[in-house]
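Text of run03.txt (compact mmCIF, C-alpha atoms) as supplied:
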```txt
# COMPACT_ATOMS: atom_id res chain seq x y z
CA MET A 1138 9.02 10.50 -35.38
CA ASP A 1139 9.93 13.75 -33.61
CA ASP A 1140 6.28 14.81 -33.52
CA PHE A 1141 5.38 11.51 -31.93
CA GLU A 1142 8.16 11.86 -29.36
CA ASN A 1143 6.97 15.36 -28.52
CA ARG A 1144 3.42 14.06 -28.19
CA LEU A 1145 4.63 11.42 -25.74
CA ARG A 1146 6.54 13.99 -23.70
CA GLU A 1147 3.32 15.93 -23.18
CA PHE A 1148 2.34 13.11 -20.85
CA THR A 1149 3.90 13.59 -17.44
CA PRO A 1150 4.75 10.90 -14.88
CA ARG A 1151 2.59 11.29 -11.82
CA ARG A 1152 4.21 12.36 -8.56
CA PRO A 1153 4.67 9.48 -6.10
CA ALA A 1154 3.33 9.58 -2.54
CA ALA A 1155 5.72 10.76 0.15
CA ILE A 1156 8.29 8.28 1.44
CA PRO A 1157 6.72 6.45 4.40
CA ASP A 1158 8.06 7.50 7.79
CA GLU A 1159 11.18 5.40 8.26
CA ARG A 1160 10.69 5.27 12.04
CA LEU A 1161 7.27 3.67 11.53
CA GLN A 1162 8.81 1.22 9.06
CA PHE A 1163 11.47 0.37 11.64
CA LEU A 1164 8.85 -0.09 14.35
CA ARG A 1165 6.50 -2.13 12.18
CA GLY A 1166 7.78 -5.46 13.58
CA PRO A 1167 7.86 -4.52 17.31
CA ILE A 1168 4.44 -2.85 17.05
CA TRP A 1169 2.85 -6.09 15.83
CA VAL A 1170 4.59 -8.07 18.56
CA ALA A 1171 3.32 -5.62 21.18
CA VAL A 1172 -0.22 -5.73 19.77
CA ALA A 1173 -0.19 -9.54 19.77
CA ALA A 1174 1.11 -9.63 23.35
CA GLY A 1175 -1.55 -7.12 24.40
CA MET A 1176 -4.32 -9.16 22.79
CA ALA A 1177 -3.07 -12.32 24.50
CA ALA A 1178 -3.07 -10.54 27.86
CA VAL A 1179 -6.60 -9.19 27.30
CA MET A 1180 -7.86 -12.67 26.38
CA LEU A 1181 -6.25 -14.16 29.47
CA VAL A 1182 -7.81 -11.53 31.72
CA ALA A 1183 -11.19 -11.95 30.03
CA ALA A 1184 -11.01 -15.72 30.55
CA ARG A 1185 -10.23 -15.22 34.23
CA LEU A 1186 -13.11 -12.78 34.67
CA GLN A 1187 -15.54 -15.15 33.00
CA ARG A 1188 -14.68 -18.05 35.32
CA PRO A 1189 -13.99 -16.45 38.71
CA ALA A 1190 -15.30 -19.43 40.71
CA ASP A 1191 -12.85 -21.89 39.16
CA THR A 1192 -9.77 -19.87 39.95
CA GLY A 1193 -10.50 -20.23 43.61
CA ARG A 1194 -9.83 -23.95 43.68
CA PRO A 1195 -7.13 -25.04 46.09
CA GLY A 1196 -3.75 -25.05 44.40
CA ALA A 1197 -5.23 -23.70 41.17
CA ALA A 1198 -4.15 -20.05 41.29
CA PRO A 1199 -3.31 -19.13 37.68
CA LEU A 1200 0.15 -17.73 37.06
CA THR A 1201 0.82 -14.40 35.39
CA VAL A 1202 2.35 -14.17 31.90
CA ASN A 1203 5.69 -13.21 33.49
CA GLU A 1204 5.60 -16.17 35.85
CA LEU A 1205 4.73 -18.50 32.99
CA THR A 1206 7.60 -17.12 30.89
CA THR A 1207 10.06 -17.64 33.74
CA LEU A 1208 8.75 -21.16 34.28
CA ALA A 1209 9.03 -21.99 30.56
CA LEU A 1210 12.64 -20.82 30.52
CA GLU A 1211 13.76 -22.40 33.77
CA LYS A 1212 11.58 -25.55 34.11
CA PRO A 1213 10.12 -26.52 30.73
CA GLY A 1214 8.79 -29.80 32.15
CA ASP A 1215 6.82 -28.06 34.90
CA PHE A 1216 5.63 -25.46 32.38
CA ASP A 1217 3.73 -28.11 30.39
CA VAL A 1218 2.07 -29.43 33.55
CA VAL A 1219 1.08 -25.96 34.79
CA LEU A 1220 -0.18 -24.88 31.36
CA SER A 1221 -2.33 -28.01 31.07
CA ARG A 1222 -3.78 -27.41 34.54
CA MET A 1223 -4.49 -23.74 33.79
CA SER A 1224 -6.13 -24.63 30.48
CA ARG A 1225 -8.45 -27.07 32.24
CA GLU A 1226 -9.33 -24.48 34.86
CA LEU A 1227 -9.60 -21.35 32.74
CA LEU A 1228 -11.03 -22.54 29.44
CA PRO A 1229 -14.69 -23.60 29.19
CA ASP A 1230 -15.34 -27.34 29.24
CA VAL A 1231 -17.10 -27.85 25.93
CA THR A 1232 -17.83 -31.51 26.65
CA ALA A 1233 -19.65 -30.92 29.96
CA PRO A 1234 -23.47 -31.03 30.14
CA GLY A 1235 -24.67 -27.68 28.77
CA GLY A 1236 -21.30 -27.19 26.98
CA VAL A 1237 -20.96 -25.92 23.43
CA LEU A 1238 -20.81 -29.39 21.91
CA GLN A 1239 -24.19 -30.39 23.30
CA PRO A 1240 -26.34 -27.83 21.38
CA LEU A 1241 -24.15 -28.34 18.32
CA SER A 1242 -24.74 -32.09 18.38
CA ARG A 1243 -28.49 -31.48 18.27
CA GLU A 1244 -28.13 -29.64 14.97
CA PHE A 1245 -27.08 -32.82 13.14
CA MET B 829 22.11 13.09 4.23
CA ASN B 830 18.34 12.74 4.72
CA GLY B 831 17.81 16.16 3.17
CA GLU B 832 19.80 15.16 0.09
CA VAL B 833 17.90 11.90 -0.27
CA ARG B 834 14.56 13.68 0.02
CA GLN B 835 15.70 16.24 -2.54
CA LEU B 836 16.61 13.42 -4.94
CA TYR B 837 13.14 11.98 -4.34
CA GLU B 838 11.54 15.32 -5.18
CA ILE B 839 13.56 15.68 -8.38
CA HIS B 840 13.62 12.13 -9.73
CA GLY B 841 10.63 10.54 -7.97
CA PRO B 842 8.11 10.94 -10.82
CA ALA B 843 10.46 9.57 -13.52
CA LEU B 844 11.56 6.72 -11.27
CA LEU B 845 7.93 5.88 -10.50
CA ALA B 846 7.18 5.86 -14.24
CA TYR B 847 10.10 3.50 -14.82
CA ALA B 848 9.14 1.13 -11.99
CA SER B 849 5.49 1.19 -13.06
CA ALA B 850 6.44 0.43 -16.67
CA LEU B 851 8.59 -2.51 -15.57
CA LEU B 852 5.95 -3.90 -13.23
CA ARG B 853 2.87 -2.65 -15.11
CA ASP B 854 1.45 -1.71 -11.73
CA PRO B 855 1.90 1.79 -10.27
CA SER B 856 1.08 0.61 -6.77
CA ALA B 857 3.84 -2.01 -6.86
CA GLY B 858 6.04 0.59 -8.58
CA GLU B 859 5.55 2.97 -5.69
CA ASP B 860 6.42 0.21 -3.20
CA VAL B 861 9.63 -0.47 -5.09
CA LEU B 862 10.46 3.24 -5.18
CA HIS B 863 9.88 3.59 -1.45
CA GLN B 864 12.01 0.53 -0.75
CA VAL B 865 14.91 2.06 -2.68
CA PHE B 866 14.65 5.41 -0.89
CA LEU B 867 14.13 3.89 2.56
CA ASN B 868 17.36 1.96 2.03
CA LEU B 869 19.07 5.22 1.11
CA LEU B 870 17.67 6.93 4.22
CA ARG B 871 19.00 4.07 6.36
CA GLY B 872 22.40 4.64 4.81
CA ARG B 873 22.39 1.35 2.91
CA ALA B 874 23.86 2.68 -0.30
CA PRO B 875 27.31 2.45 -1.79
CA ALA B 876 29.29 5.61 -2.55
CA ILE B 877 27.39 7.24 -5.39
CA ASP B 878 29.13 9.14 -8.18
CA ASP B 879 26.11 9.61 -10.42
CA ALA B 880 22.99 9.70 -8.25
CA LYS B 881 20.53 9.69 -11.13
CA ALA B 882 22.05 6.64 -12.85
CA TYR B 883 22.34 4.86 -9.49
CA LEU B 884 18.66 5.48 -8.69
CA PHE B 885 17.44 4.11 -12.01
CA ARG B 886 19.66 1.03 -11.61
CA ALA B 887 18.48 0.51 -8.03
CA VAL B 888 14.83 0.81 -9.07
CA ARG B 889 15.42 -1.66 -11.92
CA ASN B 890 17.10 -4.23 -9.66
CA THR B 891 14.44 -3.92 -6.98
CA ALA B 892 11.63 -4.16 -9.55
CA LEU B 893 13.21 -7.26 -11.12
CA ASN B 894 13.52 -8.86 -7.69
CA HIS B 895 9.86 -8.05 -7.11
CA ILE B 896 8.93 -9.74 -10.41
CA ARG B 897 11.02 -12.82 -9.53
CA GLY B 898 9.20 -13.05 -6.22
CA GLN B 899 5.80 -13.10 -7.90
CA SER B 900 3.92 -16.19 -8.97
CA ARG B 901 4.30 -16.99 -12.64
CA GLU B 902 0.53 -17.34 -12.79
CA VAL B 903 0.05 -13.62 -12.16
CA GLU B 904 -1.14 -11.89 -15.29
CA LEU B 905 0.23 -8.38 -15.59
CA VAL B 906 -2.41 -5.77 -16.34
CA ASP B 907 -2.16 -2.02 -15.96
CA ALA B 908 -3.98 -1.26 -12.74
CA GLY B 909 -3.69 2.50 -12.28
CA ILE B 910 -2.44 5.71 -13.79
CA TRP B 911 1.24 6.53 -13.72
CA LEU B 912 1.29 8.83 -16.74
CA GLU B 913 -0.93 11.88 -16.72
CA SER B 914 -2.29 13.00 -20.06
CA PRO B 915 -2.06 16.69 -21.02
CA ASP B 916 -5.86 16.96 -21.18
CA GLY B 917 -6.26 15.24 -17.81
CA SER B 918 -8.17 12.35 -19.36
CA ALA B 919 -7.74 9.06 -17.52
CA GLU B 920 -8.90 7.23 -20.64
CA THR B 921 -6.09 8.71 -22.74
CA SER B 922 -3.55 7.87 -20.04
CA MET B 923 -4.75 4.28 -19.82
CA ALA B 924 -4.70 3.94 -23.61
CA LEU B 925 -1.05 5.00 -23.77
CA GLN B 926 -0.09 2.85 -20.76
CA SER B 927 -1.87 -0.11 -22.32
CA ALA B 928 -0.03 0.46 -25.63
CA LEU B 929 3.27 0.67 -23.75
CA GLY B 930 2.39 -2.55 -21.97
CA ARG B 931 2.12 -4.34 -25.30
CA LEU B 932 5.71 -3.49 -26.21
CA PRO B 933 8.40 -6.07 -25.51
CA ALA B 934 9.77 -5.33 -22.04
CA GLU B 935 13.26 -4.46 -23.29
CA GLN B 936 11.85 -1.88 -25.72
CA ARG B 937 9.36 -0.54 -23.19
CA GLU B 938 11.98 0.23 -20.56
CA ILE B 939 14.24 2.05 -23.01
CA VAL B 940 11.31 4.13 -24.31
CA VAL B 941 10.38 5.09 -20.74
CA LEU B 942 13.97 5.81 -19.68
CA LYS B 943 14.54 8.03 -22.71
CA THR B 944 11.17 9.76 -22.90
CA TRP B 945 10.20 10.32 -19.25
CA GLY B 946 13.48 9.61 -17.51
CA GLN B 947 15.18 12.01 -19.91
CA LEU B 948 18.25 9.79 -20.02
CA THR B 949 20.64 9.81 -22.96
CA PHE B 950 21.18 6.56 -24.87
CA GLU B 951 24.50 6.15 -23.06
CA GLU B 952 22.83 6.59 -19.66
CA ALA B 953 19.88 4.33 -20.51
CA ALA B 954 22.26 1.69 -21.89
CA ALA B 955 24.27 1.75 -18.65
CA VAL B 956 21.11 1.29 -16.56
CA VAL B 957 19.94 -1.67 -18.62
CA GLY B 958 23.39 -3.15 -19.22
CA VAL B 959 23.53 -3.04 -23.02
CA SER B 960 25.53 -1.02 -25.55
CA PRO B 961 24.32 2.47 -26.50
CA ASN B 962 23.70 1.22 -30.05
CA THR B 963 21.43 -1.54 -28.76
CA ALA B 964 19.60 0.97 -26.59
CA ALA B 965 19.10 3.29 -29.57
CA SER B 966 17.87 0.44 -31.72
CA ARG B 967 15.42 -0.77 -29.05
CA TYR B 968 14.15 2.79 -28.69
CA ARG B 969 13.59 3.21 -32.42
CA TYR B 970 11.75 -0.12 -32.81
CA GLY B 971 9.82 0.50 -29.62
CA LEU B 972 8.67 3.91 -30.74
CA GLU B 973 7.56 2.63 -34.15
CA LYS B 974 5.61 -0.18 -32.60
CA LEU B 975 4.10 2.09 -29.96
CA LYS B 976 2.88 4.49 -32.64
CA GLU B 977 1.33 1.61 -34.53
CA ILE B 978 -0.41 0.15 -31.47
CA TRP B 979 -1.56 3.42 -29.98
CA HIS B 980 -3.02 4.90 -33.13
CA GLY B 981 -4.25 1.57 -34.47
```

Write out the structure in this file as structure tokens.
Amino acid sequence: MDDFENRLREFTPRRPAAIPDERLQFLRGPIWVAVAAGMAAVMLVAARLQRPADTGRPGAAPLTVNELTTLALEKPGDFDVVLSRMSRELLPDVTAPGGVLQPLSREF
Amino acid sequence: MNGEVRQLYEIHGPALLAYASALLRDPSAGEDVLHQVFLNLLRGRAPAIDDAKAYLFRAVRNTALNHIRGQSREVELVDAGIWLESPDGSAETSMALQSALGRLPAEQREIVVLKTWGQLTFEEAAAVVGVSPNTAASRYRYGLEKLKEIWHG
């Protein structure tokens, strides 16, 4: 059995990769939160740029993310109303003539 | 502290990786487990350690067992990478030995790995696994016999 044991010991365990940087591990959560927040901001800006005419409606000035956050914390009831209004104004109306649903409906 | 931990990683990393890989039958998952153990050490989440080597093997075992418990029972364990390097550098030879080890009962496999590549005594291996030294020695002997039989057909 000794020969067999010696034969086994000729095999060597491979060296593991270096320990990942602990600071990056620690930051993993906050980095994803920041990336998600950044993407949300970019999408909001892109939506505003795509529909500049709509934002000019009287009383329809969209709020910033900070203003929305403050509103959600201080007046949750108003937040729902404002968010619904902004969604109507900023997002494309897929049901309108020429909207996305119209060409899709022709496919079926 | 960090320097000591990294030194322990340099010294015991390969044997600990072999042990974790043998338990999980997956060197990639074994490496994750190993990193988890050492990151906890680097963050200072470790009790006072008298015997660092024994502590590390126990910590790797506990973390690997937690990993296994967290997996779906449907997952079939297959060796998915090399964690033992053959003397002739042949991946085929390495995989053949790893596959033969994988066919051993888990309790024999871990003692064989602890003794052969961890270079632990029977007393040390028994303490890691939580059995008597006699049981460890017996598992090693049966494991080695079976491994020889499987490996050489």

Practice prompt. List the neighbours of A:Ala1183 out to 12 Å using only C-alpha atoms; skip same-chain residues closer than 6 positions along the sequence, and give me the result as number ranges by chain.
Written response: A: 1176-1177, 1189, 1227-1228

Could the residues of chain B that have an atom at most 8 Å from chain A be listed as a Markdown table, each with its closest atom pair and the distance in Å to one decimal, counting only C-alpha atoms and ordered by chain and ascending residue number?
```
| residue | atom | partner | partner_atom | distance |
| --- | --- | --- | --- | --- |
| B:Gly841 | CA | A:Pro1153 | CA | 6.3 |
| B:Pro842 | CA | A:Arg1152 | CA | 4.7 |
| B:Ala843 | CA | A:Pro1150 | CA | 6.0 |
| B:Leu845 | CA | A:Pro1153 | CA | 6.6 |
| B:Ala846 | CA | A:Pro1150 | CA | 5.6 |
| B:Glu859 | CA | A:Pro1153 | CA | 6.6 |
| B:His863 | CA | A:Ile1156 | CA | 5.7 |
| B:Phe866 | CA | A:Ile1156 | CA | 7.4 |
| B:Leu867 | CA | A:Glu1159 | CA | 6.6 |
| B:Leu870 | CA | A:Glu1159 | CA | 7.8 |
| B:Ile910 | CA | A:Arg1151 | CA | 7.8 |
| B:Trp911 | CA | A:Arg1151 | CA | 5.3 |
| B:Leu912 | CA | A:Pro1150 | CA | 4.4 |
| B:Glu913 | CA | A:Thr1149 | CA | 5.2 |
| B:Ser914 | CA | A:Phe1148 | CA | 4.7 |
| B:Pro915 | CA | A:Phe1148 | CA | 5.7 |
| B:Ser922 | CA | A:Phe1148 | CA | 7.9 |
| B:Thr944 | CA | A:Arg1146 | CA | 6.3 |
| B:Trp945 | CA | A:Arg1146 | CA | 6.8 |
| B:Lys976 | CA | A:Phe1141 | CA | 7.5 |
```

Restricting it to C-alpha atoms, dump the selection as a CSV table (one decimal), in the frame of the given file.
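As a result, part.csv now contains:
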```
chain,number,residue,atom,x,y,z
B,841,GLY,CA,10.6,10.5,-8.0
B,842,PRO,CA,8.1,10.9,-10.8
B,843,ALA,CA,10.5,9.6,-13.5
B,845,LEU,CA,7.9,5.9,-10.5
B,846,ALA,CA,7.2,5.9,-14.2
B,859,GLU,CA,5.6,3.0,-5.7
B,863,HIS,CA,9.9,3.6,-1.4
B,866,PHE,CA,14.6,5.4,-0.9
B,867,LEU,CA,14.1,3.9,2.6
B,870,LEU,CA,17.7,6.9,4.2
B,910,ILE,CA,-2.4,5.7,-13.8
B,911,TRP,CA,1.2,6.5,-13.7
B,912,LEU,CA,1.3,8.8,-16.7
B,913,GLU,CA,-0.9,11.9,-16.7
B,914,SER,CA,-2.3,13.0,-20.1
B,915,PRO,CA,-2.1,16.7,-21.0
B,922,SER,CA,-3.6,7.9,-20.0
B,944,THR,CA,11.2,9.8,-22.9
B,945,TRP,CA,10.2,10.3,-19.2
B,976,LYS,CA,2.9,4.5,-32.6
```

Worksheet item: Interatomic distance between atom CA of B:Arg889 and atom CA of A:Asp1140?
Response: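 Computing it gives 28.7 Å between the two atoms.
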
Discussion item. Just the number, please: distance in Å from atom CA of B:Thr921 to atom CA of B:His840, one decimal.
Written reply: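 So the two atoms, atom CA of B:Thr921 and atom CA of B:His840, lie 23.9 Å apart.
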
Worksheet entry | Neighbour residues at most 10 Å from (4.6, 1.6, -24.4) (only C-alpha atoms) as a list of chain:residue names | A:Leu1145, B:Ala850, B:Ala924, B:Leu925, B:Gln926, B:Ser927, B:Ala928, B:Leu929, B:Gly930, B:Arg931, B:Leu932, B:Pro933, B:Ala934, B:Gln936, B:Arg937, B:Glu938, B:Ile939, B:Val940, B:Val941, B:Gly971, B:Leu972, B:Lys974, B:Leu975, B:Lys976, B:Ile978, B:Trp979

Padded axis-aligned box of stretch 1214-1222 of chain A (6 Å per side), centre and edge lengths, Å, one decimal, as AutoDock Vina command-line options:
```
--center_x 2.5 --center_y -27.3 --center_z 32.6 --size_x 24.6 --size_y 16.9 --size_z 16.5
```

Response to the item:
One decimal place gives the atom CA of A:Glu1204-atom CA of A:Ser1221 separation as 15.0 Å

Worksheet item: What lies within 12 Å of A:Ala1174 using all atoms listed in the file, ignoring chain neighbours under 6 positions off, as an MDAnalysis selection string?
Response: chainID A and resid 1167:1168 1180:1181 1202:1203

Worksheet entry | Contact residues around A:Leu1200 with only C-alpha atoms at 12 Å, ignoring same-chain residues under 2 positions, as JSON, numbers by chain | {"A": [1181, 1182, 1185, 1192, 1196, 1197, 1198, 1202, 1203, 1204, 1205, 1206, 1207, 1208, 1209, 1216, 1219, 1220, 1222, 1223, 1224, 1226, 1227]}

Generate the missing atoms of stretch 1139-1158 of chain A up to N, CA and C atoms and report them as a PDB file, in the coordinates of the input.
```
ATOM      1  N   ASP A1139       9.760  12.702 -34.626  1.00  0.00           N
ATOM      2  CA  ASP A1139       9.930  13.750 -33.610  1.00  0.00           C
ATOM      3  C   ASP A1139       8.602  14.241 -33.059  1.00  0.00           C
ATOM      4  N   ASP A1140       7.604  14.368 -33.972  1.00  0.00           N
ATOM      5  CA  ASP A1140       6.280  14.810 -33.520  1.00  0.00           C
ATOM      6  C   ASP A1140       5.709  13.822 -32.506  1.00  0.00           C
ATOM      7  N   PHE A1141       5.908  12.545 -32.826  1.00  0.00           N
ATOM      8  CA  PHE A1141       5.380  11.510 -31.930  1.00  0.00           C
ATOM      9  C   PHE A1141       6.093  11.560 -30.571  1.00  0.00           C
ATOM     10  N   GLU A1142       7.409  11.759 -30.619  1.00  0.00           N
ATOM     11  CA  GLU A1142       8.160  11.860 -29.360  1.00  0.00           C
ATOM     12  C   GLU A1142       7.688  13.054 -28.541  1.00  0.00           C
ATOM     13  N   ASN A1143       7.458  14.165 -29.235  1.00  0.00           N
ATOM     14  CA  ASN A1143       6.970  15.360 -28.520  1.00  0.00           C
ATOM     15  C   ASN A1143       5.592  15.118 -27.924  1.00  0.00           C
ATOM     16  N   ARG A1144       4.760  14.391 -28.679  1.00  0.00           N
ATOM     17  CA  ARG A1144       3.420  14.060 -28.190  1.00  0.00           C
ATOM     18  C   ARG A1144       3.532  13.220 -26.911  1.00  0.00           C
ATOM     19  N   LEU A1145       4.457  12.269 -26.920  1.00  0.00           N
ATOM     20  CA  LEU A1145       4.630  11.420 -25.740  1.00  0.00           C
ATOM     21  C   LEU A1145       5.096  12.241 -24.537  1.00  0.00           C
ATOM     22  N   ARG A1146       5.983  13.200 -24.817  1.00  0.00           N
ATOM     23  CA  ARG A1146       6.540  13.990 -23.700  1.00  0.00           C
ATOM     24  C   ARG A1146       5.506  14.930 -23.080  1.00  0.00           C
ATOM     25  N   GLU A1147       4.386  15.116 -23.787  1.00  0.00           N
ATOM     26  CA  GLU A1147       3.320  15.930 -23.180  1.00  0.00           C
ATOM     27  C   GLU A1147       2.679  15.204 -21.997  1.00  0.00           C
ATOM     28  N   PHE A1148       2.813  13.887 -22.005  1.00  0.00           N
ATOM     29  CA  PHE A1148       2.340  13.110 -20.850  1.00  0.00           C
ATOM     30  C   PHE A1148       3.393  13.234 -19.753  1.00  0.00           C
ATOM     31  N   THR A1149       2.927  13.423 -18.533  1.00  0.00           N
ATOM     32  CA  THR A1149       3.900  13.590 -17.440  1.00  0.00           C
ATOM     33  C   THR A1149       3.732  12.472 -16.398  1.00  0.00           C
ATOM     34  N   PRO A1150       4.859  11.924 -15.921  1.00  0.00           N
ATOM     35  CA  PRO A1150       4.750  10.900 -14.880  1.00  0.00           C
ATOM     36  C   PRO A1150       4.119  11.501 -13.629  1.00  0.00           C
ATOM     37  N   ARG A1151       3.224  10.743 -13.020  1.00  0.00           N
ATOM     38  CA  ARG A1151       2.590  11.290 -11.820  1.00  0.00           C
ATOM     39  C   ARG A1151       3.573  11.281 -10.649  1.00  0.00           C
ATOM     40  N   ARG A1152       3.324  12.216  -9.732  1.00  0.00           N
ATOM     41  CA  ARG A1152       4.210  12.360  -8.560  1.00  0.00           C
ATOM     42  C   ARG A1152       3.910  11.239  -7.549  1.00  0.00           C
ATOM     43  N   PRO A1153       4.928  10.553  -7.068  1.00  0.00           N
ATOM     44  CA  PRO A1153       4.670   9.480  -6.100  1.00  0.00           C
ATOM     45  C   PRO A1153       4.295  10.028  -4.731  1.00  0.00           C
ATOM     46  N   ALA A1154       3.658   9.191  -3.925  1.00  0.00           N
ATOM     47  CA  ALA A1154       3.330   9.580  -2.540  1.00  0.00           C
ATOM     48  C   ALA A1154       4.627   9.765  -1.760  1.00  0.00           C
ATOM     49  N   ALA A1155       4.530  10.510  -0.671  1.00  0.00           N
ATOM     50  CA  ALA A1155       5.720  10.760   0.150  1.00  0.00           C
ATOM     51  C   ALA A1155       6.320   9.454   0.654  1.00  0.00           C
ATOM     52  N   ILE A1156       7.624   9.470   0.896  1.00  0.00           N
ATOM     53  CA  ILE A1156       8.290   8.280   1.440  1.00  0.00           C
ATOM     54  C   ILE A1156       7.679   7.998   2.810  1.00  0.00           C
ATOM     55  N   PRO A1157       7.289   6.750   3.081  1.00  0.00           N
ATOM     56  CA  PRO A1157       6.720   6.450   4.400  1.00  0.00           C
ATOM     57  C   PRO A1157       7.721   6.777   5.509  1.00  0.00           C
ATOM     58  N   ASP A1158       7.190   7.146   6.669  1.00  0.00           N
ATOM     59  CA  ASP A1158       8.060   7.500   7.790  1.00  0.00           C
ATOM     60  C   ASP A1158       8.945   6.310   8.145  1.00  0.00           C
TER      61      ASP A1158
END
```
